[in-house]
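Text of the file target-v8.txt, holding compact mmCIF, C-alpha atoms:
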```
# COMPACT_ATOMS: atom_id res chain seq x y z
CA MET A 296 35.28 -26.12 -5.25
CA PRO A 297 37.18 -22.83 -4.72
CA LYS A 298 36.12 -19.79 -6.69
CA THR A 299 38.58 -18.84 -9.41
CA HIS A 300 37.24 -15.30 -9.80
CA ARG A 301 36.77 -13.36 -6.59
CA VAL A 302 34.69 -10.20 -6.33
CA GLU A 303 36.10 -7.64 -3.92
CA LEU A 304 34.47 -4.24 -4.25
CA THR A 305 35.86 -0.93 -3.10
CA ASN A 306 33.66 1.56 -1.27
CA ASP A 307 33.46 3.62 -4.48
CA ASP A 308 32.40 0.52 -6.46
CA ARG A 309 29.73 -0.33 -3.90
CA ARG A 310 28.43 3.25 -3.85
CA TRP A 311 28.29 3.35 -7.66
CA LEU A 312 26.39 0.03 -7.78
CA PHE A 313 23.83 1.15 -5.19
CA GLU A 314 23.26 4.44 -7.04
CA PHE A 315 23.03 2.58 -10.36
CA ILE A 316 20.35 0.24 -9.01
CA GLY A 317 18.61 3.00 -7.05
CA ARG A 318 18.00 5.11 -10.15
CA GLY A 319 15.98 2.27 -11.65
CA GLU A 320 16.56 3.58 -15.18
CA ALA A 321 18.95 0.91 -16.45
CA PRO A 322 17.84 -2.24 -18.25
CA VAL A 323 16.90 -5.10 -15.91
CA ARG A 324 19.83 -7.26 -17.04
CA GLU A 325 22.29 -4.54 -16.08
CA GLN A 326 20.59 -4.07 -12.70
CA THR A 327 20.74 -7.84 -12.13
CA ARG A 328 24.47 -7.92 -12.89
CA ALA A 329 24.94 -5.08 -10.38
CA ARG A 330 23.00 -7.03 -7.75
CA VAL A 331 25.11 -10.14 -8.39
CA LEU A 332 28.29 -8.14 -7.79
CA LEU A 333 26.91 -6.69 -4.57
CA LYS A 334 25.92 -10.11 -3.23
CA ALA A 335 29.17 -11.76 -4.38
CA ASP A 336 31.36 -9.08 -2.78
CA GLU A 337 33.96 -10.82 -0.63
CA GLY A 338 35.46 -7.57 0.65
CA PRO A 339 35.32 -6.58 4.32
CA GLU A 340 31.82 -5.07 4.02
CA GLY A 341 30.43 -7.52 1.49
CA PRO A 342 27.97 -10.33 2.21
CA ALA A 343 30.08 -12.91 0.26
CA TRP A 344 27.10 -15.01 -0.77
CA SER A 345 27.78 -18.29 -2.55
CA ASP A 346 26.97 -18.59 -6.24
CA ASP A 347 24.13 -20.98 -5.41
CA TRP A 348 22.52 -18.48 -3.02
CA ILE A 349 22.87 -15.63 -5.48
CA ALA A 350 21.46 -17.74 -8.31
CA GLU A 351 18.45 -18.75 -6.24
CA ALA A 352 17.79 -15.27 -4.87
CA LEU A 353 18.04 -13.54 -8.27
CA GLU A 354 16.56 -16.41 -10.30
CA LEU A 355 19.69 -17.01 -12.37
CA SER A 356 21.73 -20.07 -13.17
CA THR A 357 24.84 -20.76 -11.14
CA GLY A 358 26.83 -20.62 -14.38
CA GLY A 359 25.42 -17.16 -15.05
CA VAL A 360 26.64 -15.94 -11.68
CA ALA A 361 30.07 -17.47 -12.35
CA GLY A 362 30.15 -15.70 -15.73
CA ILE A 363 29.47 -12.36 -14.06
CA ARG A 364 32.33 -13.04 -11.62
CA ARG A 365 34.60 -13.88 -14.56
CA ARG A 366 33.62 -10.68 -16.39
CA PHE A 367 34.31 -8.67 -13.25
CA SER A 368 37.88 -10.03 -13.07
CA LYS A 369 38.48 -8.97 -16.69
CA ARG A 370 36.48 -5.75 -17.05
CA GLY A 371 35.93 -4.30 -13.59
CA VAL A 372 32.63 -3.05 -12.16
CA LYS A 373 31.34 -0.79 -14.95
CA GLY A 374 32.58 -3.13 -17.69
CA THR A 375 30.66 -5.98 -16.09
CA VAL A 376 27.42 -4.13 -15.44
CA LYS A 377 27.13 -2.13 -18.64
CA ARG A 378 26.35 -3.86 -21.90
CA LYS A 379 29.41 -4.42 -24.04
CA ALA A 380 29.41 -2.71 -27.43
CA PRO A 381 29.58 -5.13 -30.36
CA ASP A 382 33.04 -5.80 -31.76
CA ARG A 383 31.88 -5.75 -35.37
CA GLU A 384 30.31 -3.09 -37.48
CA TYR A 385 27.98 -4.06 -40.27
CA GLU A 386 27.99 -2.18 -43.51
CA THR A 387 24.61 -1.08 -44.76
CA LYS A 388 23.18 -2.82 -47.80
CA LEU A 389 21.51 0.29 -49.20
CA ASP A 390 22.97 3.74 -49.68
CA GLY A 391 20.91 6.89 -49.09
CA GLU A 392 19.63 7.09 -52.67
CA GLN A 393 18.55 3.43 -52.67
CA GLU A 394 16.80 3.92 -49.32
CA ALA A 395 14.93 6.88 -50.79
CA ASP A 396 13.88 4.71 -53.76
CA LEU A 397 12.67 2.01 -51.36
CA ILE A 398 10.61 4.52 -49.38
CA ARG A 399 9.22 6.02 -52.58
CA ILE A 400 8.10 2.56 -53.76
CA ALA A 401 6.67 1.67 -50.33
CA CYS A 402 4.62 4.87 -50.36
CA SER A 403 3.32 4.26 -53.87
CA GLU A 404 0.15 2.41 -54.87
CA ALA A 405 0.31 -1.31 -54.08
CA PRO A 406 0.64 -3.71 -57.06
CA GLU A 407 -2.45 -4.89 -58.92
CA GLY A 408 -4.43 -7.37 -56.86
CA ARG A 409 -2.78 -6.36 -53.58
CA SER A 410 -4.13 -4.08 -50.88
CA GLN A 411 -0.65 -3.19 -49.62
CA TRP A 412 3.04 -3.84 -50.19
CA SER A 413 4.70 -6.80 -48.50
CA LEU A 414 8.38 -6.77 -47.62
CA ARG A 415 9.10 -9.46 -50.20
CA LEU A 416 7.24 -7.55 -52.92
CA LEU A 417 9.24 -4.43 -52.12
CA ALA A 418 12.52 -6.36 -52.29
CA ASP A 419 11.51 -7.92 -55.62
CA ARG A 420 10.46 -4.54 -57.06
CA MET A 421 13.81 -3.00 -56.11
CA VAL A 422 15.56 -5.78 -58.06
CA GLU A 423 13.14 -5.51 -61.02
CA LEU A 424 13.84 -1.78 -61.31
CA ASN A 425 17.62 -2.47 -61.24
CA ILE A 426 18.04 -0.30 -58.17
CA VAL A 427 19.95 -3.14 -56.50
CA GLU A 428 21.34 -6.44 -57.72
CA ASP A 429 19.70 -8.43 -54.93
CA LEU A 430 17.87 -7.55 -51.74
CA SER A 431 16.35 -9.58 -48.92
CA HIS A 432 13.03 -8.83 -47.31
CA GLU A 433 14.86 -8.61 -43.97
CA THR A 434 17.00 -5.72 -45.26
CA VAL A 435 13.80 -4.03 -46.42
CA ARG A 436 12.28 -4.52 -42.96
CA GLN A 437 15.30 -3.13 -41.15
CA THR A 438 15.59 -0.17 -43.51
CA LEU A 439 11.93 0.77 -43.22
CA ARG A 440 12.02 0.31 -39.47
CA THR A 441 14.98 2.67 -39.19
CA ASP A 442 13.53 5.21 -41.59
CA ARG A 443 10.07 5.00 -40.06
CA SER A 444 11.39 6.54 -36.86
CA GLN A 445 12.99 9.34 -38.88
CA THR A 446 10.15 10.11 -41.27
CA ASP A 447 6.42 10.56 -40.97
CA SER A 448 4.13 7.59 -40.49
CA SER A 449 3.24 7.30 -44.18
CA LEU A 450 4.58 3.73 -44.36
CA THR A 451 1.86 2.19 -42.21
CA GLY A 452 0.49 0.42 -45.28
CA VAL A 453 3.49 -1.94 -45.59
CA ALA A 454 2.74 -5.49 -44.51
CA SER A 455 5.41 -7.53 -42.77
CA GLY A 456 4.87 -10.74 -44.67
```
Produce structure tokens that represent the structure in this file.
Amino acid sequence: MPKTHRVELTNDDRRWLFEFIGRGEAPVREQTRARVLLKADEGPEGPAWSDDWIAEALELSTGGVAGIRRRFSKRGVKGTVKRKAPDREYETKLDGEQEADLIRIACSEAPEGRSQWSLRLLADRMVELNIVEDLSHETVRQTLRTDRSQTDSSLTGVASG
């Protein structure tokens, strides 16, 4: 079956891919996509490996290799190798004041009979105190995870269950 998406790299593309892989700093998935492009290169200096060979050599599925070829035809070299930014933006559930209230509660004494706060208890307490109308434990987890990297480690007493 003929390939519908051909990969033909320029010398600049090839040089960029080799430098990208050589640095070894990029995520493995991005390096793998770069390697697929190099092996699939059907240009004059490319090895022009078949999708089956590439898949076996790099431990991918043949469909995965075909997908990388397809992305290359639409996005070019850098658009194929680099991770695509999400199309959507999610609005945050809590504003800054509500996040501060959540952190204040998480840092306070745990409820009677508990050694520490759980994510569900924190979500329930936020609703009880009319800080928010409703709140999921997952939003609490994500908020504390984000804030934990920005504040001191005083939230280590929050349980994840």
Please compute the atom CA of A:Lys373-atom CA of A:Pro322 distance, one decimal, in Å.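 A separation of 14.0 Å between them.
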Which residue gives the smallest distance to A:Leu312 among A:Lys377, A:Glu433, A:Thr299, A:Leu439, with all atoms listed in the file counted? A:Lys377
Nearest-residue call for A:Ile400, choices A:Ala380, A:Tyr385, A:Met421, A:Leu355, using all atoms listed in the file: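 That would be A:Met421, the residue with the smallest distance to A:Ile400.
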Go ahead and compute the interatomic distance for atom CA of A:Ser431 and atom CA of A:Glu407, in Å to one decimal.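 Interatomic distance, atom CA of A:Ser431 to atom CA of A:Glu407: 21.8 Å.
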Hey, what's within 10 Å of A:Ile316 if we count only C-alpha atoms and toss same-chain stuff fewer than 2 positions away? As a tab-separated table (two decimals) with C-alpha atoms, in the coordinates of the input, please?
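Dumped to selection.tsv:
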```tsv
chain	number	residue	atom	x	y	z
A	311	TRP	CA	28.29	3.35	-7.66
A	312	LEU	CA	26.39	0.03	-7.78
A	313	PHE	CA	23.83	1.15	-5.19
A	314	GLU	CA	23.26	4.44	-7.04
A	318	ARG	CA	18.00	5.11	-10.15
A	319	GLY	CA	15.98	2.27	-11.65
A	320	GLU	CA	16.56	3.58	-15.18
A	321	ALA	CA	18.95	0.91	-16.45
A	322	PRO	CA	17.84	-2.24	-18.25
A	323	VAL	CA	16.90	-5.10	-15.91
A	325	GLU	CA	22.29	-4.54	-16.08
A	326	GLN	CA	20.59	-4.07	-12.70
A	327	THR	CA	20.74	-7.84	-12.13
A	328	ARG	CA	24.47	-7.92	-12.89
A	329	ALA	CA	24.94	-5.08	-10.38
A	330	ARG	CA	23.00	-7.03	-7.75
```
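A straight line drawn from atom CA of A:Ile398 to atom CA of A:Glu384 is 24.2 Å long.
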Given the choices A:Leu333, A:Leu414, A:Leu424, A:Ala350, which gets closest to A:Arg436 if the distance is worked out from all atoms listed in the file?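 Nearest to A:Arg436: A:Leu414.
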Find the residues around stretch 403-405 of chain A up to 10 Å (only C-alpha atoms counted), leave out those fewer than 3 positions away in its own chain, and share them as a list in words.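 Near stretch 403-405 of chain A, the qualifying residues are Leu397, Ile398, Arg399, Ile400, Gly408, Arg409, Ser410, Gln411, Trp412, Ser413, Leu416, Leu417, Leu450, Gly452 and Val453 of chain A.
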For A:Trp344, list every protein, DNA or RNA residue within 7 Å, evaluated using all atoms listed in the file, and leave out those in the same chain fewer than 4 positions away; present the list as a PyMOL selection string. chain A and resi 334-335+348-349
Using all atoms listed in the file: which of A:Arg324, A:Arg383, A:Val331, A:Ala395 has the shortest distance to A:Ala352: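 Result for the nearest residue to A:Ala352: A:Val331.
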Which polymer residues, whether protein, DNA or RNA, lie within 10 Å of the coordinate (31.9, -11.3, -2.9) when you count all atoms listed in the file? List them as a list in words, using the chain letters and numbers from the file. His300, Arg301, Val302, Glu303, Leu304, Val331, Leu332, Leu333, Lys334, Ala335, Asp336, Glu337, Gly338, Pro339, Glu340, Gly341, Pro342, Ala343, Trp344, Ser345, Asp346 and Arg364 of chain A
